[in-house]
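Dropping target21.cif in here (mmCIF, C-alpha atoms and all ligand atoms):
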data_run
#
loop_
_atom_site.label_atom_id
_atom_site.label_comp_id
_atom_site.auth_asym_id
_atom_site.auth_seq_id
_atom_site.Cartn_x
_atom_site.Cartn_y
_atom_site.Cartn_z
CA MET A 1 128.09 87.14 102.21
CA SER A 2 127.36 90.26 100.26
CA GLY A 3 124.49 92.75 100.55
CA SER A 4 125.42 95.82 102.53
CA SER A 5 122.30 95.55 104.70
CA ARG A 6 123.74 92.44 106.30
CA SER A 7 127.17 93.73 107.16
CA GLU A 8 128.38 93.32 110.71
CA GLN A 9 128.76 97.00 111.50
CA THR A 10 125.53 98.66 112.64
CA ARG A 11 124.77 101.99 111.00
CA LEU A 12 123.13 104.23 113.57
CA LEU A 13 121.18 107.45 113.08
CA ILE A 14 120.39 109.66 116.09
CA VAL A 15 117.60 112.22 116.38
CA GLU A 16 118.53 114.39 119.36
CA ASP A 17 118.24 118.15 119.88
CA VAL A 18 120.19 118.43 123.15
CA PRO A 19 123.82 119.01 122.14
CA GLN A 20 125.25 117.69 125.43
CA VAL A 21 123.45 114.36 125.05
CA ALA A 22 124.53 114.03 121.42
CA GLN A 23 128.08 114.83 122.44
CA TYR A 24 127.99 112.25 125.23
CA ILE A 25 126.83 109.51 122.81
CA ARG A 26 129.43 110.49 120.21
CA GLY A 27 132.07 110.10 122.92
CA LEU A 28 130.82 106.63 123.83
CA LEU A 29 130.86 105.54 120.18
CA ASN A 30 134.30 106.96 119.44
CA ALA A 31 136.26 104.16 120.99
CA GLN A 32 134.65 101.29 119.12
CA SER A 33 133.87 100.12 115.59
CA SER A 34 130.79 97.89 115.88
CA VAL A 35 128.46 100.88 115.57
CA LYS A 36 128.96 103.58 112.98
CA LEU A 37 127.25 106.89 113.69
CA LEU A 38 125.83 108.19 110.40
CA ASP A 39 124.56 111.52 111.68
CA VAL A 40 122.84 113.34 114.52
CA LEU A 41 119.66 115.07 113.36
CA THR A 42 118.18 117.83 115.46
CA ASP A 43 114.97 118.46 113.51
CA GLY A 44 112.31 115.76 113.85
CA GLY A 45 110.46 117.29 110.90
CA LYS A 46 113.25 116.35 108.52
CA ALA A 47 114.02 112.96 110.00
CA ILE A 48 111.83 110.74 107.79
CA ALA A 49 113.43 112.03 104.60
CA GLN A 50 116.90 111.52 106.07
CA ILE A 51 116.08 108.00 107.24
CA ARG A 52 114.85 107.16 103.76
CA GLU A 53 118.03 108.51 102.27
CA LEU A 54 120.57 107.07 104.72
CA ARG A 55 118.82 103.76 105.41
CA PRO A 56 120.35 103.22 108.88
CA ASP A 57 120.11 99.84 110.61
CA VAL A 58 118.88 101.40 113.85
CA VAL A 59 117.45 104.83 114.75
CA LEU A 60 117.77 106.35 118.22
CA VAL A 61 115.10 108.95 119.03
CA ASP A 62 114.98 111.17 122.10
CA ALA A 63 111.51 110.88 123.65
CA LEU A 64 111.82 114.50 124.80
CA LEU A 65 112.68 115.82 121.34
CA GLN A 66 111.18 119.30 120.92
CA GLY A 67 110.11 121.19 117.80
CA ARG A 68 107.46 120.74 115.16
CA VAL A 69 107.63 116.95 115.28
CA LYS A 70 108.23 115.83 118.86
CA GLY A 71 109.79 112.52 119.97
CA PRO A 72 106.68 110.31 120.27
CA LYS A 73 105.25 111.73 117.04
CA LEU A 74 108.43 110.93 115.16
CA VAL A 75 108.46 107.36 116.47
CA GLU A 76 104.89 107.04 115.22
CA GLN A 77 105.81 108.48 111.82
CA ILE A 78 108.73 106.09 111.40
CA HIS A 79 106.43 103.20 112.24
CA GLU A 80 103.72 104.36 109.85
CA ALA A 81 106.16 104.98 107.02
CA ARG A 82 106.88 101.22 107.19
CA LEU A 83 110.57 101.82 106.78
CA ASN A 84 111.24 98.54 108.49
CA ILE A 85 113.98 100.05 110.65
CA PRO A 86 114.02 99.40 114.42
CA VAL A 87 113.82 102.37 116.79
CA ILE A 88 115.32 102.79 120.25
CA VAL A 89 113.71 105.49 122.39
CA LEU A 90 116.01 107.44 124.64
CA THR A 91 114.38 108.72 127.79
CA VAL A 92 114.82 109.67 131.45
CA PRO A 93 113.47 107.78 134.50
CA GLN A 94 111.00 110.61 135.26
CA HIS A 95 109.47 110.07 131.81
CA PRO A 96 109.02 106.31 131.47
CA VAL A 97 108.34 104.87 128.01
CA GLU A 98 107.13 101.30 127.40
CA GLU A 99 108.86 99.04 124.93
CA ASP A 100 106.22 98.31 122.27
CA PRO A 101 107.57 96.75 119.06
CA ALA A 102 104.08 96.49 117.55
CA ASN A 103 103.93 100.28 117.62
CA GLY A 104 107.47 100.98 116.58
CA VAL A 105 109.24 101.19 119.95
CA HIS A 106 111.77 98.37 119.65
CA GLY A 107 113.95 99.24 122.62
CA ILE A 108 114.34 101.72 125.47
CA LEU A 109 117.47 103.38 126.75
CA ALA A 110 117.07 105.33 130.00
CA MET A 111 119.55 107.91 131.20
CA PRO A 112 122.05 107.60 132.67
CA PHE A 113 123.58 104.83 130.58
CA SER A 114 127.08 103.55 129.95
CA GLY A 115 128.80 102.75 126.67
CA TYR A 116 128.17 99.11 127.42
CA ASP A 117 124.42 99.75 127.89
CA LEU A 118 124.26 101.66 124.64
CA LEU A 119 126.08 99.07 122.55
CA THR A 120 124.21 96.10 124.02
CA ARG A 121 120.85 97.75 123.47
CA ILE A 122 121.71 98.56 119.84
CA ALA A 123 122.98 95.02 119.22
CA THR A 124 119.94 93.38 120.84
CA VAL A 125 117.44 95.49 118.96
CA ARG A 126 119.16 94.95 115.64
CA LYS A 127 119.39 91.23 116.14
CA ALA A 128 115.76 90.84 117.22
CA HIS A 129 114.71 92.86 114.22
CA ALA A 130 116.82 90.87 111.77
CA VAL A 131 115.23 87.61 112.91
CA HIS A 132 111.73 88.94 112.34
CA SER A 133 112.39 90.94 109.23
CA PRO A 134 111.00 89.49 106.03
CA GLU A 135 114.32 90.30 104.38
CA ALA A 136 116.00 87.71 106.55
CA MET A 137 113.54 85.10 105.33
CA SER A 138 113.95 85.97 101.68
CA ARG A 139 116.27 84.27 99.19
CA VAL A 140 117.59 85.53 95.88
CA TYR A 141 118.40 82.96 93.18
CA SER A 142 120.05 84.06 89.97
CA VAL A 143 119.85 81.71 87.02
CA PHE A 144 123.04 82.23 85.10
CA ALA A 145 125.30 80.59 82.53
CA PRO A 146 128.50 81.75 80.85
CA LYS A 147 127.07 80.41 77.59
CA GLY A 148 123.91 81.58 75.80
CA GLY A 149 120.97 79.43 74.81
CA VAL A 150 121.40 76.74 77.46
CA GLY A 151 117.93 77.20 78.99
CA LYS A 152 118.32 80.05 81.51
CA THR A 153 114.98 81.68 80.68
CA THR A 154 113.15 78.37 80.45
CA ILE A 155 114.52 77.15 83.78
CA ALA A 156 114.16 80.49 85.59
CA PHE A 157 110.50 80.87 84.60
CA ASN A 158 109.55 77.31 85.50
CA LEU A 159 111.65 77.35 88.67
CA ALA A 160 109.92 80.53 89.84
CA VAL A 161 106.49 79.02 89.15
CA ALA A 162 107.51 75.82 90.95
CA MET A 163 108.60 77.89 93.96
CA GLY A 164 105.25 79.67 93.86
CA GLN A 165 103.61 76.24 93.95
CA GLN A 166 105.58 75.58 97.16
CA GLU A 167 103.65 78.40 98.85
CA GLN A 168 106.52 80.85 98.47
CA ARG A 169 105.66 84.39 97.48
CA THR A 170 107.78 84.54 94.36
CA VAL A 171 108.89 87.24 91.97
CA LEU A 172 110.76 86.65 88.72
CA ILE A 173 113.04 89.39 87.43
CA ASP A 174 113.90 89.62 83.77
CA GLY A 175 117.56 90.42 84.25
CA SER A 176 118.36 90.38 80.53
CA LEU A 177 117.81 94.09 80.47
CA GLN A 178 118.63 94.55 76.80
CA PHE A 179 116.92 91.60 75.22
CA GLY A 180 114.42 90.67 77.89
CA ASP A 181 113.25 87.21 76.91
CA LEU A 182 110.26 87.05 79.20
CA ARG A 183 108.29 89.69 77.36
CA SER A 184 108.04 87.59 74.24
CA LEU A 185 107.83 84.32 76.12
CA LEU A 186 104.82 85.55 78.10
CA LYS A 187 103.39 87.63 75.25
CA VAL A 188 102.96 90.71 77.41
CA PRO A 189 101.76 93.93 75.75
CA VAL A 190 104.47 96.50 74.88
CA ASP A 191 103.01 99.01 77.29
CA ALA A 192 103.18 96.62 80.25
CA PRO A 193 105.07 98.20 83.15
CA SER A 194 108.74 97.35 83.52
CA ILE A 195 111.74 97.80 85.78
CA LEU A 196 111.98 101.37 84.42
CA ASP A 197 108.72 102.30 86.11
CA LEU A 198 110.07 101.55 89.57
CA PRO A 199 110.99 104.79 91.32
CA THR A 200 114.31 103.95 92.91
CA ASP A 201 114.83 107.19 94.81
CA ARG A 202 111.90 106.82 97.13
CA ILE A 203 110.92 103.22 96.85
CA ALA A 204 107.91 101.96 98.73
CA GLU A 205 106.19 98.63 98.80
CA SER A 206 103.01 100.24 97.58
CA ASP A 207 104.75 101.12 94.29
CA LEU A 208 105.32 97.47 93.53
CA ALA A 209 101.81 96.47 92.55
CA ASP A 210 101.88 98.99 89.70
CA VAL A 211 105.12 97.86 88.13
CA LEU A 212 104.89 94.10 88.33
CA TRP A 213 103.33 91.90 85.70
CA ARG A 214 100.96 89.49 87.40
CA ASP A 215 101.27 86.30 85.41
CA PRO A 216 98.39 83.82 85.21
CA SER A 217 100.87 81.23 86.53
CA GLY A 218 100.61 82.85 89.95
CA ILE A 219 103.94 84.65 90.17
CA ASP A 220 104.80 88.31 89.80
CA ILE A 221 107.25 89.37 87.14
CA LEU A 222 109.45 92.45 86.92
CA LEU A 223 109.91 92.91 83.20
CA ALA A 224 112.93 94.31 81.39
CA PRO A 225 112.59 97.67 79.63
CA PRO A 226 110.55 97.53 76.42
CA ARG A 227 113.36 98.82 74.21
CA ILE A 228 117.00 97.79 73.97
CA GLU A 229 118.55 101.22 74.48
CA MET A 230 116.53 101.75 77.66
CA ALA A 231 118.60 99.14 79.47
CA GLU A 232 121.22 101.85 80.02
CA MET A 233 118.81 103.72 82.27
CA ILE A 234 119.29 101.10 84.97
CA ASN A 235 122.51 101.23 86.98
CA PRO A 236 124.00 98.85 89.56
CA ARG A 237 122.76 101.01 92.47
CA ASP A 238 119.22 100.73 91.13
CA VAL A 239 119.63 96.98 91.05
CA ASP A 240 120.68 96.92 94.73
CA LYS A 241 117.73 99.03 95.75
CA ILE A 242 115.25 97.03 93.69
CA LEU A 243 116.48 93.75 95.12
CA SER A 244 116.38 95.01 98.68
CA LEU A 245 112.82 96.21 98.14
CA LEU A 246 111.72 92.91 96.60
CA ARG A 247 113.37 90.98 99.42
CA ARG A 248 111.12 92.73 101.88
CA VAL A 249 108.00 91.52 100.10
CA TYR A 250 108.87 88.16 98.54
CA ASN A 251 110.17 84.89 99.98
CA ALA A 252 111.85 83.98 96.74
CA VAL A 253 113.37 86.27 94.11
CA VAL A 254 114.42 84.50 90.90
CA ILE A 255 116.49 86.32 88.28
CA ASP A 256 116.72 85.30 84.62
CA MET A 257 120.12 86.61 83.56
CA SER A 258 122.02 87.24 80.36
CA SER A 259 125.30 85.48 79.65
CA ILE A 260 127.72 88.34 80.15
CA ILE A 261 129.74 89.65 83.06
CA SER A 262 128.76 93.31 83.31
CA ASP A 263 128.39 95.71 86.24
CA ILE A 264 124.67 95.11 86.29
CA ASN A 265 125.09 91.34 86.21
CA LEU A 266 127.67 91.50 88.99
CA SER A 267 125.12 93.38 91.10
CA PHE A 268 122.61 90.61 90.50
CA LEU A 269 125.19 87.94 91.30
CA ASP A 270 126.53 89.73 94.40
CA ALA A 271 123.04 90.07 95.83
CA SER A 272 122.21 86.41 95.19
CA ASP A 273 122.15 83.87 97.96
CA THR A 274 122.57 81.15 95.36
CA ILE A 275 123.73 81.30 91.75
CA VAL A 276 122.08 78.51 89.78
CA GLU A 277 124.61 78.02 87.00
CA ILE A 278 123.29 76.08 84.05
CA VAL A 279 125.60 73.66 82.33
CA THR A 280 125.00 71.25 79.49
CA TYR A 281 126.92 68.30 78.18
CA ASP A 282 128.80 69.89 75.35
CA SER A 283 132.44 70.63 74.82
CA THR A 284 132.30 74.42 75.12
CA THR A 285 130.48 74.23 78.44
CA ILE A 286 133.40 72.60 80.20
CA HIS A 287 135.80 75.30 79.13
CA ASN A 288 133.42 78.18 79.97
CA THR A 289 132.43 76.72 83.29
CA ILE A 290 136.02 76.35 84.45
CA ALA A 291 136.75 79.94 83.42
CA MET A 292 133.63 81.11 85.24
CA ALA A 293 134.56 79.25 88.41
CA ALA A 294 137.96 80.95 88.40
CA THR A 295 136.29 84.34 88.02
CA PHE A 296 133.87 83.68 90.87
CA ARG A 297 136.78 82.57 93.05
CA SER A 298 138.68 85.74 92.31
CA ILE A 299 135.60 87.84 93.14
CA GLY A 300 135.54 86.03 96.45
CA TYR A 301 132.37 83.97 96.11
CA PRO A 302 132.50 80.82 98.23
CA ALA A 303 132.12 77.61 96.20
CA SER A 304 128.84 76.93 98.01
CA LYS A 305 127.28 80.06 96.50
CA VAL A 306 127.10 78.31 93.12
CA HIS A 307 124.81 75.36 92.45
CA TYR A 308 125.34 73.66 89.12
CA LEU A 309 122.26 72.56 87.23
CA VAL A 310 122.76 70.22 84.29
CA ASN A 311 120.04 70.98 81.77
CA ARG A 312 119.03 68.33 79.24
CA ALA A 313 120.93 65.99 81.49
CA ASP A 314 119.78 62.91 79.63
CA SER A 315 121.42 63.88 76.34
CA SER A 316 125.13 63.70 76.98
CA GLY A 317 125.97 64.43 73.33
CA GLY A 318 129.13 62.40 73.33
CA ILE A 319 130.56 64.03 76.46
CA ASP A 320 131.38 61.73 79.34
CA PRO A 321 129.49 63.08 82.38
CA GLU A 322 132.59 62.25 84.42
CA ASP A 323 134.57 64.81 82.42
CA LEU A 324 132.09 67.49 83.38
CA HIS A 325 132.15 66.47 87.04
CA ARG A 326 135.93 66.55 87.04
CA ALA A 327 135.88 70.00 85.48
CA LEU A 328 133.39 71.31 88.03
CA GLY A 329 135.26 69.68 90.85
CA ARG A 330 132.07 68.08 92.09
CA VAL A 331 128.90 66.31 91.07
CA PRO A 332 126.34 68.91 89.91
CA GLU A 333 123.72 69.64 92.55
CA HIS A 334 120.73 69.53 90.19
CA ARG A 335 119.68 67.94 86.91
CA VAL A 336 116.78 68.54 84.55
CA VAL A 337 116.05 66.21 81.66
CA SER A 338 115.31 67.20 78.10
CA ASP A 339 111.77 67.20 76.75
CA GLY A 340 111.71 68.88 73.36
CA PRO A 341 107.99 68.53 72.56
CA LEU A 342 106.69 69.71 75.96
CA VAL A 343 109.21 72.51 76.53
CA VAL A 344 108.83 73.96 73.04
CA ARG A 345 105.03 73.74 73.13
CA ALA A 346 104.82 75.33 76.60
CA ASN A 347 107.27 78.10 75.64
CA ASN A 348 105.30 78.78 72.45
CA ASP A 349 102.08 79.02 74.44
CA GLY A 350 103.76 81.23 77.04
CA VAL A 351 102.90 78.87 79.86
CA PRO A 352 105.18 77.09 82.33
CA PHE A 353 105.56 73.37 81.61
CA VAL A 354 105.50 72.67 85.35
CA LEU A 355 101.81 73.63 85.25
CA ALA A 356 100.98 72.44 81.71
CA ASP A 357 102.16 68.91 82.48
CA PRO A 358 103.18 68.51 86.12
CA ALA A 359 103.64 64.76 85.75
CA ALA A 360 106.28 65.01 82.99
CA ALA A 361 109.82 64.12 84.03
CA VAL A 362 111.11 67.58 83.13
CA SER A 363 108.45 69.19 85.37
CA GLN A 364 109.20 66.84 88.25
CA ASP A 365 112.88 67.66 87.91
CA VAL A 366 112.31 71.42 88.08
CA THR A 367 109.96 71.00 91.04
CA ARG A 368 112.62 68.96 92.81
CA VAL A 369 115.19 71.70 92.13
CA ALA A 370 112.78 74.26 93.63
CA VAL A 371 112.28 72.17 96.76
CA GLU A 372 116.00 71.54 97.16
CA LEU A 373 116.90 75.19 96.71
CA LEU A 374 114.23 76.35 99.16
CA GLY A 375 115.38 73.69 101.59
CA ALA A 376 118.97 74.81 101.24
CA GLY A 377 117.82 78.35 101.90
CA ARG A 378 115.98 77.41 105.06
CA ALA A 379 118.88 75.46 106.47
CA PRO A 380 122.00 76.76 104.78
CA VAL A 381 124.50 74.33 106.29
CA ALA A 382 122.71 71.04 106.06
CA ALA A 383 122.53 68.54 103.24
CA ALA A 384 120.86 69.39 99.93
CA ARG A 385 123.93 67.76 98.35
CA ARG A 386 123.71 64.59 96.41
N1 LIG B 1 115.13 70.82 79.34
C1 LIG B 1 114.87 71.22 78.08
N2 LIG B 1 114.34 70.34 77.20
C2 LIG B 1 114.08 70.72 75.94
N3 LIG B 1 114.32 71.93 75.45
C3 LIG B 1 114.85 72.85 76.25
C4 LIG B 1 115.14 72.55 77.63
N4 LIG B 1 115.66 73.67 78.19
C5 LIG B 1 115.67 74.61 77.23
N5 LIG B 1 115.20 74.14 76.08
C6 LIG B 1 115.08 74.88 74.79
O1 LIG B 1 116.32 75.52 74.54
C7 LIG B 1 116.13 76.75 73.90
C8 LIG B 1 116.89 77.85 74.64
O2 LIG B 1 116.31 78.05 75.91
P1 LIG B 1 116.30 79.46 76.61
O3 LIG B 1 115.79 80.52 75.73
O4 LIG B 1 115.60 79.23 77.89
O5 LIG B 1 117.86 79.65 76.86
P2 LIG B 1 118.63 80.94 77.44
O6 LIG B 1 119.82 80.41 78.13
O7 LIG B 1 117.70 81.77 78.19
O8 LIG B 1 119.05 81.69 76.10
P3 LIG B 1 119.67 83.18 75.98
O9 LIG B 1 121.13 83.04 76.27
O10 LIG B 1 119.37 83.55 74.57
O11 LIG B 1 118.97 84.04 76.98
C9 LIG B 1 114.65 76.99 73.86
O12 LIG B 1 114.18 76.72 72.58
C10 LIG B 1 114.06 76.01 74.84
O13 LIG B 1 112.79 75.59 74.46
MG MG B 2 117.26 83.87 78.02
#

Representation of the structure as structure tokens:
Amino acid sequence: MSGSSRSEQTRLLIVEDVPQVAQYIRGLLNAQSSVKLLDVLTDGGKAIAQIRELRPDVVLVDALLQGRVKGPKLVEQIHEARLNIPVIVLTVPQHPVEEDPANGVHGILAMPFSGYDLLTRIATVRKAHAVHSPEAMSRVYSVFAPKGGVGKTTIAFNLAVAMGQQEQRTVLIDGSLQFGDLRSLLKVPVDAPSILDLPTDRIAESDLADVLWRDPSGIDILLAPPRIEMAEMINPRDVDKILSLLRRVYNAVVIDMSSIISDINLSFLDASDTIVEIVTYDSTTIHNTIAMAATFRSIGYPASKVHYLVNRADSSGGIDPEDLHRALGRVPEHRVVSDGPLVVRANNDGVPFVLADPAAAVSQDVTRVAVELLGAGRAPVAAARR
């Protein structure tokens, strides 16, 4: 699984102004590799900025920290900054501190402690936090195809709306940064905010409301830049930061992608829990899909990361479905039928067909895909295969 925030090694930041204590902890951490010490800060007044920059998994704060910002004040500041990073308070028996996760004290470590105590406390706090963190509950789905014009934008938009209908807080990202299709599909004004308006250096949840397009269909949309050349202003690191921010706020993140393998697109794909790869029954699809599967294998994606979705599954255009299945090495996970009149009319009106005509077969299919994907996300090992 990708996404640096989920790696096994715990990145620790310490705020401690007593050199002997810092030295003792460094010594304990030297002999092992499960915890990586990022830095020891001595000035509580500079800690918030450093935490924002380094994004540790766990912060250890000395309750007796002196200076402008003292220990308890710093713990409070970290909590109020909503950095979503668990804090362990280091203290002495004469100065007892209560564990209080609701107020930002996620664990206590009292002196004297052993290396074992230190490592177990860090592991426990990180694990408890991961379970409760909204990021752990969030899923990223990229809608991709090696071939253009197969229905990525149509499916991504309707899939996102269908997920919203399943009570999931959903955001749709226009990942075609150069030729963002959603702008014209949804008829948004040119001056609508876009991905460019998101400050990636100091991102905060409160910034989100200003940069997302709130669609009448009930989902939020992060639009592509308004002009083609502006796409270059977004780099892969921005993409990582944006996705990690959106994960904290949304249950489902759906990305409408372009059909190229670029650094940006690899960032989207890496960060995805599931790649929904659209295939159609035509002769070029088989070739492209096989080539794509080989590329994904060489990148190291497990086969289960990709779900194939056959779009316009009822019009096999002379291709034997069995040929496609053989090429994919399995029966595609999802299928959506063709419905020219409804899809074209809905796209022209800038509305999702899943809302315009929920009873239509094409709408029912997309809703089923949404339910299956969300189900697969909730219980990653079980079923969801047909
Ligand atoms: N299930 C469907 N039934 C009928 N028409 C469909 C269906 N899916 C997509 N289409 C039509 O196919 C055309 C291409 O769809 P879309 O723009 O979503 O593809 P795309 O993969 O995003 O293209 P691009 O590679 O240019 O981004 C559109 O005109 C759309 O209305
Ligand atoms: Mg498109």

Atom-to-atom span, atom CA of A:Val89 and atom CA of A:Ile108, Å: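 A separation of 4.9 Å between them.
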
To check your reading of the model: which residues sit at most 8 Å from ligand MG 2 (chain B) when counting only C-alpha atoms and all ligand atoms? Write the answer as an MDAnalysis selection string. chainID A and resid 148:149 151:154 176 180:182 256:258

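A straight line drawn from atom CA of A:Val343 to atom CA of A:Val211 is 28.2 Å long.
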
Got a sec to check which residues sit within 7 Å of (105.3, 81.4, 91.8), counting all atoms listed in the file, and write them as a PyMOL selection string? chain A and resi 160-165+168-171+217-219

List all protein, DNA and RNA residues that have an atom no more than 10 Å from any atom of ligand LIG 1 (chain B), counting all atoms listed in the file, and report them as a PyMOL selection string. chain A and resi 143-158+175-176+179-182+185+256-260+278-280+310-315+335-348+361-363+365-366

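We find atom CA of A:Gly375 and atom CA of A:Arg237 to be spaced 29.7 Å apart.
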
Counting all atoms listed in the file, which residue out of A:Glu229, A:Asp215, A:Glu8, A:Asp220 sits closest to A:Pro352?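 Of A:Glu229, A:Asp215, A:Glu8, A:Asp220, the one nearest A:Pro352, counting all atoms listed in the file, is A:Asp215.
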
Looking at all atoms listed in the file, which of A:Leu355, A:Ile242, A:Val254, A:Ala291 is the one that sits closest to A:Ser272? A:Val254

Can you tell me, as number ranges by chain, what residues are no more than 9 Å from A:Ile234 when counting all atoms listed in the file, ignoring any on the same chain fewer than 3 positions away? A: 177, 195-196, 230-231, 237-239, 264

Which is closer to A:Val351 than all the others in A:Val92, A:Leu13, A:Leu186, A:Ile299, using all atoms listed in the file?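 Closest residue, counting all atoms listed in the file: A:Leu186.
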
Do you know which residues are at most 9 Å from A:Leu90 counting all atoms listed in the file, after dropping those on the same chain fewer than 4 positions away, and could you put them as an MDAnalysis selection string? chainID A and resid 60:64 97 107:111

Using all atoms listed in the file, which protein or nucleic acid residues come within 8 Å of A:Gly318? Drop anything in the same chain fewer than 2 positions from it, and give the result as a short mmCIF file (atom, residue, chain, number, x, y, z; two decimals) with C-alpha atoms, keeping the file's coordinate frame.
data_model
loop_
_atom_site.label_atom_id
_atom_site.label_comp_id
_atom_site.auth_asym_id
_atom_site.auth_seq_id
_atom_site.Cartn_x
_atom_site.Cartn_y
_atom_site.Cartn_z
CA TYR A 281 126.92 68.30 78.18
CA ASP A 282 128.80 69.89 75.35
CA SER A 316 125.13 63.70 76.98
CA ASP A 320 131.38 61.73 79.34
#

Which one is closest to A:Lys305: A:His106, A:Ala192, A:Val15, A:Tyr141? Count only C-alpha atoms.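 The answer is A:Tyr141, which sits nearest to A:Lys305.
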
Skipping near chain neighbours, those fewer than 4 positions away, what residues fall within 9 Å of A:Leu243 using all atoms listed in the file, listed as a list in words?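 The residues that qualify are Val140, Asp238, Val239, Arg247, Arg248, Val253, Phe268 and Ala271 of chain A.
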
Which residue is closest to A:Tyr250? Choose from A:Leu54, A:Ile78, A:Ala209, A:Met137 and count only C-alpha atoms.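 Of the candidates, the smallest distance to A:Tyr250 is held by A:Met137.
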